[in-house]
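Novice: Here it is: the structure, laid out below.
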There are 2 protein chains.
Amino acid sequence: MAMIYKDPWVLKENKFDHLHLGKTEAIMSQGNGYMGLRACAEERYTGECRGLFVSGTFNKFDETEVTELPNCADMTEMEIFLNGKLFSLQKGNIKSYSKELCLKSGELKRSIVWCSDKGERYNLSFLRIVSLKNLHTIAQKVTITPLSGDTTLSLACGINAQITNSGSQHFSEGAKRFYEKRYMQLVATTTESKIDFVFSTDTTLSVNSKKQIAMNRRRIFSKYDAYVAKGQTVTIEKISTVHTTRDKQTENLSLEQLQEFALKNLKQQVTLGYAGILQDSKTRWDELVWQNIPIEIETDNIKDILAVRFAQYHLQIMAPAHDNRMNIGAKGLSGEGYKGHTFWDTEIFALPYYIFSQPSTALSLLQYRYLSLPGARQKAADGGYKGAQYPWESAWLTDGEVTPLFGGADIVTGLPTPILTGQLEIHITCDVVYGIWQYYKASQDESFMREYGYEIVFDCANFWASRLQEGSDGLLHINNVIGPDEYKDGIDDDAFTNHFAKWNLLLAVEYYNKLQGSDVSDVFERLKGKISLDCKLWEDKASKTYVPMPNERGIIPQNRTFLDLKQIDLTKYKNQTQVGTIYKDYNQHQICNMQVCKQADVLLLILLMENLFSPKAKQANWNYYEPRTLHDSSLSLSTHSILASDMGQEDLAYELFERACNIDMGENMSSSNEGIHAGSIGGIWQCVVFGFAGFRVTENTIRLAPKLPKHWRSLNFYLWLKGEKIKVTVTHKGVDVSKEGYIAIPLNSSPF
Amino acid sequence: MAMIYKDPWVLKENKFDHLHLGKTEAIMSQGNGYMGLRACAEERYTGECRGLFVSGTFNKFDETEVTELPNCADMTEMEIFLNGKLFSLQKGNIKSYSKELCLKSGELKRSIVWCSDKGERYNLSFLRIVSLKNLHTIAQKVTITPLSGDTTLSLACGINAQITNSGSQHFSEGAKRFYEKRYMQLVATTTESKIDFVFSTDTTLSVNSKKQIAMNRRRIFSKYDAYVAKGQTVTIEKISTVHTTRDKQTENLSLEQLQEFALKNLKQQVTLGYAGILQDSKTRWDELVWQNIPIEIETDNIKDILAVRFAQYHLQIMAPAHDNRMNIGAKGLSGEGYKGHTFWDTEIFALPYYIFSQPSTALSLLQYRYLSLPGARQKAADGGYKGAQYPWESAWLTDGEVTPLFGGADIVTGLPTPILTGQLEIHITCDVVYGIWQYYKASQDESFMREYGYEIVFDCANFWASRLQEGSDGLLHINNVIGPDEYKDGIDDDAFTNHFAKWNLLLAVEYYNKLQGSDVSDVFERLKGKISLDCKLWEDKASKTYVPMPNERGIIPQNRTFLDLKQIDLTKYKNQTQVGTIYKDYNQHQICNMQVCKQADVLLLILLMENLFSPKAKQANWNYYEPRTLHDSSLSLSTHSILASDMGQEDLAYELFERACNIDMGENMSSSNEGIHAGSIGGIWQCVVFGFAGFRVTENTIRLAPKLPKHWRSLNFYLWLKGEKIKVTVTHKGVDVSKEGYIAIPLNSSPF
């Protein structure tokens, strides 16, 4: 096994495998919400996927593609020759190797003893940081020590803007420039959205060197030749910055001014040096996360501690907390997967972490949904509906739907499979509302609701009111959708969607009634004329909405036909080590006609709306659906782990938690190639806080009903509630909640 | 040394070096004028440059770039796992290796014995052909024999359209499709010029295999899993085709029809199989080249024989003889260098080969210049001139000038160096006229002249008449140009340009007078109203044009200031092993002010216009300019070799010929990375036929004044003259010329 989980702060790989580069590139990626940098090696390898992504800088390659987050110029590449031999782990011999990401400092480190095929030995270390303090800065420090004799060092590095998104080039090449015979700068502009990027970099060597400069197409590089004696250590520091004309801080600058600003920032960062940048960033990590909202687990299983920190680390670097015009991509900023688009993963899987840990980030993410109402209204209108319908995949605020139209090959027809989610997976609209509802419950942030929240809830209710269709039974139905279980498409009366739609309507009614006559009824003034506020209509539609309820066996039908579909032996797929194995045997049409779930709609419904069904009904549906669920979505495991905790199946809860942790952090060396799984990582936190600590916010109370894993001695974490931070301590004996000092409370009770 | 020259038909490399992949990728590239395919390995390597180029399919990435020949989808890639180990020459051990291109058959072959890092040995061979018969077909045949035990084979291959031109993506992704669970097809469309490309491929294995299909972004692949016993040989045949909506043969088809046509052609080629495709192609090579216009050298120096065949091979595959809307790129179709653009290299360096060896190809290349008159007229008009001014770099017929505006970094200022050739290197207009004049002299193709040639000559004369400026001396001058010696820019009265401009005017006068009163004077009817036909003006302008003549020391000043410039010690640069070394010490401005030539304008002038100066003047200028010339253009060597032959410096002539051969075929492992040097390769033929055989066509005669290299016993070649093919045999005793039987003639006499 190449992954090592021995240090509770350090994610480590101790074996280099050129076939599995994507794994650590993604899971050890660094960032700060402004940008994300894949942890590619300095030296290049076939099969690598170098990646630098700047939040919210979407661009559309052409009319046949959807907008996506462009893969920017690379500034981390270093071509190193030692005594004329190219340093590459594919050549010569690796005497020792480790690659590790320290979650506490955010520092990436590779330590290598390498023997060239001439038999010469070298000690090399590669350190890297993406600053959490200065969001534009990437710093690298490389040390090389020849162990067996003197060496010549030849180093080429600079800015390489030949990078593409799997072949799609999003940038026009702009100015290239050497300043003061030292600083390199390259400008690139996105082809359609016309965002200018300014990449700047500087390299210093600790020994004298001869320097040559070179500009090629989309590249500006410097070459350094130096001499290093045996035992002497040469240190290379490369400090790089990225600025764009989308940056809020500098949005009034012309490109020329931005170039100057970037140069100035680069010079400042160069003055700080690698050590200074690292220290600044580390301090910021402590302030924001490790000293502010640590999650402490007492257990001998270090991997569990590491996994939760891994989740916090990625939840920190993936969130563009600095700019409410941006949101979290399904792969964070760690890869090209899902094109940087925002899905329901934000509200249902990641948002709870921010709501309870960093409410200001949660607020910013929800403001993004408010700011993207124009796109949502456009999408509703395009479909002939009213109100606001959120796009399944979201990018620019005004884009509306950006889901691609086609995916991989259909094994039966040989044609590309159409992707219908953008058209049919309409539950996203309630998911956004659910996010708002959760945030409001936890924060009681009335000013957010008045400025943003109510409008979204009301206008989404307007969408549902127009989307519901009267059936021959006189009830209102929702036909032709995809639920969270994406194995099924074009289905009618999806349990999850119908229940949520009704809930959205009722929530609008509740808020409407609450506002009426209250001192905040001026909200209506602002919204009148802007959106329809027909409370009677919502009430009427909600009352007539058909919602699937438990049948005689207690089973809630996932949709109108599910319970009648054919059942097959799923053993082979339940034990799958890779996602999507069922698609190797069946095509979408065939899977659509079998009782098999990617994730179980009904169970997710039970989790999110816990008062809807009786404990007995919950158990019956758990027993029915879990065996039919392949967990073929990275989002499925946390849902099922929390429910297992709720139902007292503690071993299963822990097993599913472990599997959720392993999605990115585990031994599967290719599952993260296209980036980490943002929703799944939010799910890790949910397994711990919602599952093991049994935490929920209900109307005016919180509930803590812990089911601590057997081998965890204690669990501590912090929660932000109503603007205050409380500390929760869970042991096998009970729960402590402190708010300005500790208050011991018994199991299952509420401090509110 | 990695390059082996032991077989007069085979270019061979016997050592794999991952740092020098570009060398054989380019010099062993294959093609047929329709397309060119770089000789990249099936397995991928960092530093490789996979390349497939289809003649005349130019596209412009964006407004900041110039149009270029797009690098197409790759169909040659194969990912091969043997017992779970990726086949790569960077891993395990190479027990034996050779890569060779057989010039006679056009077949590329790699033969490898490889030992995986598990210690398992395999025999592998990789054969490849680009058909000279069916211009759309690429065929590959791979054999693998496990030598030390049974093995599992896993092969992934298909169509990869993620390829870019150094980061610039020229294609929108189109339909992807598997037909009959077997044939793969991918459509891609150039983003600006909207040419649809249809890539199709099929793979068959000689053993049973399990197959999986996959479509990713810009990729369609199949994966085959098979079992191969020890000693058993598995054969993989992959047949691929390329068609575009620019193909003349199918220009009336819709895209859908073209897809069907492509599939049909693929099936036919698959039926033929690798062996059949190879045989068809080989037969065509013999018909067109090796049996039709062979050049035979009797010598013990096999490399000389190989070099001349190497030249013929590349001259055959680089020329789009099938379509007169296309011309030869400066790198042929063997790389991204010079963006597929056509330069003066065609007329001055490559065209003579076609004129005397394949007149129909020469005709097509000159028709391209006729068809691009609209662009040439636009360029003249854009500069405020009359007539037709050919662009320095040419692509689409109507584009006019397509020279990029900036090149590499200025080492002094750190800014990109402006490229002024597009604006200033105006001699290209006479070079085209010179090409026409040469073709006409050799072919006496009056119908070409009437339809195309005269119009070009006259309208280019119109350009010169408007470009000449009266000086204070009352004479006409040409200021602010770049001559063939590109070290100098913005110079006045360049010897080459002024003499050629005057010659163009006088040629127009000569043709005008000849036509007048002749039975072909209807040419005037066609041209009247279309272009200005003011013979008096041409005559008057020619008579007043200042042309630099030998000074008191017999030296013709290269330009108005050259002889006054500072002189420096050039030894360091004369001995350079790479081009452009002088730019590492001086910038363009500094070089412009020194007596140093990239290639000597005056000497090229003397070569091309051999009656202009006395033998004494020629010698004086040779003595003056050659030592000041760095041959820092691949075009310089052949000029100087031929002149050395002319002047009886036979050793120097041979040395320069050898150096010319080595530009691509030699041991410099990086000089051909961006593609072969089309002009230089034309120059190899010129060294032999114009230099060593001393062949020239003058008005109504040919001259043969051989200076055979000492160690060549004889030289035979064929020449097309006035529509007839003659055979020339040169020995140290004399020359034989046969035209329907042999006629022995003495040295220096003419058969006409």
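Ligands are numbered from 1 in the order shown, residues from 1 within each chain, and chains are lettered A, B, ... in the order they appear in the structure tokens.
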Select, as a PyMOL selection string, those residues of chain B with any atom no more than 6 Å from chain A (distances computed using only C-alpha atoms).
Specialist: chain B and resi 45-46+162+166-169+177-178+214-216+408-409+414-415
Novice: Please extract the residues of stretch 241-316 of chain A with a backbone DSSP assignment of alpha helix (DSSP H) and present them as a PyMOL selection string.
Specialist: chain A and resi 255-285+302-316
Novice: Keeping only N, CA and C atoms, write those residues as a CSV table (one decimal), in the first residue's frame.
Specialist:
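out-v7.csv was written with the following content:
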```
chain,number,residue,atom,x,y,z
A,255,LEU,N,-5.7,46.6,-17.1
A,255,LEU,CA,-4.8,45.5,-17.2
A,255,LEU,C,-3.4,45.9,-16.9
A,256,GLU,N,-3.0,47.0,-17.5
A,256,GLU,CA,-1.6,47.5,-17.3
A,256,GLU,C,-1.4,47.8,-15.8
A,257,GLN,N,-2.4,48.4,-15.1
A,257,GLN,CA,-2.2,48.7,-13.7
A,257,GLN,C,-2.2,47.3,-12.9
A,258,LEU,N,-3.0,46.4,-13.4
A,258,LEU,CA,-3.0,45.1,-12.7
A,258,LEU,C,-1.6,44.4,-12.8
A,259,GLN,N,-1.0,44.6,-14.0
A,259,GLN,CA,0.3,44.0,-14.2
A,259,GLN,C,1.3,44.6,-13.3
A,260,GLU,N,1.2,45.9,-13.1
A,260,GLU,CA,2.1,46.6,-12.1
A,260,GLU,C,1.9,46.1,-10.7
A,261,PHE,N,0.6,46.0,-10.4
A,261,PHE,CA,0.2,45.6,-9.1
A,261,PHE,C,0.7,44.2,-8.8
A,262,ALA,N,0.6,43.3,-9.8
A,262,ALA,CA,1.0,42.0,-9.7
A,262,ALA,C,2.6,41.9,-9.4
A,263,LEU,N,3.3,42.7,-10.2
A,263,LEU,CA,4.7,42.8,-10.0
A,263,LEU,C,5.1,43.2,-8.6
A,264,LYS,N,4.4,44.2,-8.1
A,264,LYS,CA,4.6,44.8,-6.8
A,264,LYS,C,4.3,43.7,-5.7
A,265,ASN,N,3.2,43.0,-5.9
A,265,ASN,CA,2.9,41.9,-5.0
A,265,ASN,C,3.9,40.8,-5.0
A,266,LEU,N,4.4,40.5,-6.2
A,266,LEU,CA,5.4,39.4,-6.3
A,266,LEU,C,6.7,39.9,-5.6
A,267,LYS,N,7.1,41.1,-5.8
A,267,LYS,CA,8.3,41.6,-5.1
A,267,LYS,C,8.2,41.5,-3.6
A,268,GLN,N,7.0,41.9,-3.1
A,268,GLN,CA,6.8,41.8,-1.7
A,268,GLN,C,6.9,40.3,-1.2
A,269,GLN,N,6.3,39.4,-1.9
A,269,GLN,CA,6.3,38.0,-1.5
A,269,GLN,C,7.7,37.5,-1.6
A,270,VAL,N,8.4,37.9,-2.6
A,270,VAL,CA,9.8,37.5,-2.8
A,270,VAL,C,10.6,38.0,-1.6
A,271,THR,N,10.4,39.2,-1.1
A,271,THR,CA,11.1,39.7,0.1
A,271,THR,C,10.8,38.8,1.3
A,272,LEU,N,9.5,38.4,1.5
A,272,LEU,CA,9.2,37.5,2.5
A,272,LEU,C,9.9,36.2,2.4
A,273,GLY,N,10.0,35.7,1.2
A,273,GLY,CA,10.7,34.5,1.0
A,273,GLY,C,9.8,33.3,1.4
A,274,TYR,N,10.3,32.1,1.0
A,274,TYR,CA,9.5,30.9,1.3
A,274,TYR,C,9.1,30.8,2.7
A,275,ALA,N,10.1,31.0,3.6
A,275,ALA,CA,9.9,30.8,5.0
A,275,ALA,C,8.8,31.7,5.6
A,276,GLY,N,8.9,33.0,5.1
A,276,GLY,CA,8.0,34.0,5.6
A,276,GLY,C,6.6,33.7,5.1
A,277,ILE,N,6.5,33.3,3.8
A,277,ILE,CA,5.2,33.0,3.2
A,277,ILE,C,4.5,31.8,4.0
A,278,LEU,N,5.4,30.8,4.2
A,278,LEU,CA,4.9,29.6,4.9
A,278,LEU,C,4.4,30.0,6.3
A,279,GLN,N,5.2,30.8,7.0
A,279,GLN,CA,4.8,31.2,8.4
A,279,GLN,C,3.5,32.0,8.4
A,280,ASP,N,3.3,32.9,7.5
A,280,ASP,CA,2.1,33.7,7.4
A,280,ASP,C,0.9,32.8,7.1
A,281,SER,N,1.1,31.8,6.3
A,281,SER,CA,0.0,31.0,5.9
A,281,SER,C,-0.4,30.0,7.0
A,282,LYS,N,0.6,29.5,7.7
A,282,LYS,CA,0.4,28.6,8.8
A,282,LYS,C,-0.4,29.3,9.9
A,283,THR,N,0.0,30.5,10.2
A,283,THR,CA,-0.7,31.3,11.2
A,283,THR,C,-2.2,31.5,10.8
A,284,ARG,N,-2.4,31.7,9.5
A,284,ARG,CA,-3.8,31.8,9.1
A,284,ARG,C,-4.6,30.5,9.2
A,285,TRP,N,-3.9,29.4,8.9
A,285,TRP,CA,-4.6,28.1,9.1
A,285,TRP,C,-5.0,27.9,10.5
A,302,ILE,N,-5.5,6.4,14.1
A,302,ILE,CA,-5.0,7.7,13.6
A,302,ILE,C,-5.7,8.1,12.3
A,303,LYS,N,-6.0,7.1,11.5
A,303,LYS,CA,-6.6,7.4,10.2
A,303,LYS,C,-7.9,8.1,10.3
A,304,ASP,N,-8.7,7.8,11.4
A,304,ASP,CA,-10.0,8.5,11.6
A,304,ASP,C,-9.7,10.0,11.9
A,305,ILE,N,-8.7,10.3,12.7
A,305,ILE,CA,-8.4,11.6,13.1
A,305,ILE,C,-7.9,12.4,11.8
A,306,LEU,N,-7.1,11.7,11.1
A,306,LEU,CA,-6.5,12.3,9.8
A,306,LEU,C,-7.7,12.6,8.8
A,307,ALA,N,-8.6,11.6,8.7
A,307,ALA,CA,-9.7,11.8,7.7
A,307,ALA,C,-10.5,13.0,8.0
A,308,VAL,N,-10.8,13.3,9.3
A,308,VAL,CA,-11.6,14.4,9.7
A,308,VAL,C,-10.9,15.7,9.4
A,309,ARG,N,-9.6,15.7,9.7
A,309,ARG,CA,-8.7,16.9,9.4
A,309,ARG,C,-8.6,17.0,7.9
A,310,PHE,N,-8.5,15.9,7.2
A,310,PHE,CA,-8.4,16.0,5.7
A,310,PHE,C,-9.7,16.7,5.2
A,311,ALA,N,-10.8,16.3,5.8
A,311,ALA,CA,-12.1,16.9,5.4
A,311,ALA,C,-12.1,18.4,5.6
A,312,GLN,N,-11.7,18.8,6.8
A,312,GLN,CA,-11.6,20.2,7.2
A,312,GLN,C,-10.7,21.0,6.3
A,313,TYR,N,-9.5,20.3,6.0
A,313,TYR,CA,-8.5,21.0,5.1
A,313,TYR,C,-9.1,21.3,3.7
A,314,HIS,N,-9.8,20.3,3.2
A,314,HIS,CA,-10.3,20.5,1.8
A,314,HIS,C,-11.5,21.4,1.8
A,315,LEU,N,-12.3,21.3,2.9
A,315,LEU,CA,-13.5,22.2,3.0
A,315,LEU,C,-13.0,23.7,3.1
A,316,GLN,N,-11.8,23.9,3.7
A,316,GLN,CA,-11.3,25.2,3.8
A,316,GLN,C,-10.8,25.7,2.4
```
Novice: Calculate how many Å separate atom CA of A:Thr403 from atom CA of A:Ala678, rounding to one decimal.
Specialist: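 Between these atoms lies a distance of 17.7 Å.
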Novice: Residues at most 12 Å from A:Asn324, counting only C-alpha atoms, excluding those fewer than 4 positions away in the same chain, as a list in words?
Specialist: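 Neighbouring residues, sequence-local ones excluded: Gly33, Tyr34, Ser55, Gly56, Asp247, Lys248, Ala319, Pro320, Ile328, Ser360, Thr361, Ala362, Leu363, Ser364, Leu365, Leu366, Gln367, Tyr368, Arg369, Tyr370, Leu371, Ser372, Trp396 and Leu397 of chain A.
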Novice: Run DSSP on the backbone and grab whatever in stretch 108-293 of chain B lands in strand (DSSP E); send it over as a PyMOL selection string.
Specialist: chain B and resi 108-115+121-130+137-146+151-160+171-179+183-190+196-205+209-216+219-228+234-244
Novice: Could you pull the residues within 9 Å of stretch 629-646 of chain A, counting only C-alpha atoms, minus those fewer than 2 positions along the same chain, as an MDAnalysis selection string?
Specialist: chainID A and resid 345 349 485:486 570 573:576 578:581 595:600 603:604 606:607 622 625:627 648:657 659:660 663 677 679:688 690:692 694 705:708
Novice: What's the 8 Å shell around A:Pro548, counting only C-alpha atoms, without same-chain residues fewer than 5 positions away, as a list in words?
Specialist: Asp493, Asp494, Ala495, Asn498, His499, Ile556, Pro557, Gln558 and Asn559 of chain A
Novice: Go ahead and write the residues just picked, C-alpha atoms, as a PDB file, in the first residue's frame.
Specialist:
```pdb
ATOM      1  CA  ASP A 493     -43.670  11.035  -8.673  1.00  0.00           C
ATOM      2  CA  ASP A 494     -40.175  10.664  -7.320  1.00  0.00           C
ATOM      3  CA  ALA A 495     -40.565  10.412  -3.538  1.00  0.00           C
ATOM      4  CA  ASN A 498     -42.464  15.391  -4.560  1.00  0.00           C
ATOM      5  CA  HIS A 499     -41.988  15.603  -0.802  1.00  0.00           C
ATOM      6  CA  ILE A 556     -42.389   4.217   0.411  1.00  0.00           C
ATOM      7  CA  PRO A 557     -42.237   3.737  -3.348  1.00  0.00           C
ATOM      8  CA  GLN A 558     -39.211   5.612  -4.701  1.00  0.00           C
ATOM      9  CA  ASN A 559     -41.306   6.505  -7.702  1.00  0.00           C
TER      10      ASN A 559
END
```
Novice: Write out as a PDB file with C-alpha atoms, in the first residue's frame which residues come within 6 Å of stretch 106-113 of chain B when counting only C-alpha atoms, dropping same-chain ones fewer than 6 positions away.
Specialist:
```pdb
ATOM      1  CA  LYS B  95      17.823  -5.284 -24.419  1.00  0.00           C
ATOM      2  CA  SER B  96      17.861  -4.156 -28.022  1.00  0.00           C
ATOM      3  CA  TYR B  97      16.395  -1.235 -29.877  1.00  0.00           C
ATOM      4  CA  SER B  98      16.261   0.150 -33.354  1.00  0.00           C
ATOM      5  CA  LYS B  99      14.027   2.642 -35.096  1.00  0.00           C
ATOM      6  CA  GLU B 100      14.314   2.863 -38.833  1.00  0.00           C
ATOM      7  CA  TYR B 122       9.301  -9.409 -24.699  1.00  0.00           C
ATOM      8  CA  ASN B 123       9.996  -9.031 -28.356  1.00  0.00           C
ATOM      9  CA  LEU B 124       8.077  -6.125 -29.856  1.00  0.00           C
ATOM     10  CA  SER B 125       7.935  -4.657 -33.305  1.00  0.00           C
ATOM     11  CA  PHE B 126       6.032  -1.608 -34.446  1.00  0.00           C
ATOM     12  CA  LEU B 127       5.463  -1.084 -38.156  1.00  0.00           C
ATOM     13  CA  ARG B 128       3.744   1.884 -39.688  1.00  0.00           C
ATOM     14  CA  ILE B 129       2.910   3.232 -43.107  1.00  0.00           C
TER      15      ILE B 129
END
```
Novice: Do you know which residues are at most 6 Å from B:Ala388 counting only C-alpha atoms, after dropping those on the same chain fewer than 3 positions away, and could you put them as a ChimeraX atom specification?
Specialist: /B:376-377,380,459-460,463
Novice: By how many Å are atom CA of B:Leu505 and atom CA of B:Ala542 apart?
Specialist: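 If I compute the distance from atom CA of B:Leu505 to atom CA of B:Ala542, I get 5.8 Å.
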Novice: So which one's closest to B:Lys133, B:Ile478, B:Leu288, B:Ile568, B:Val737? Using only C-alpha atoms, please.
Specialist: B:Leu288
Novice: Which of these, B:Gln516, B:Ser670, B:Asn621, B:Gln249, has the shortest distance to B:Asp601 once you count only C-alpha atoms?
Specialist: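 Checking each of B:Gln516, B:Ser670, B:Asn621, B:Gln249 against B:Asp601, counting only C-alpha atoms, the winner is B:Asn621.
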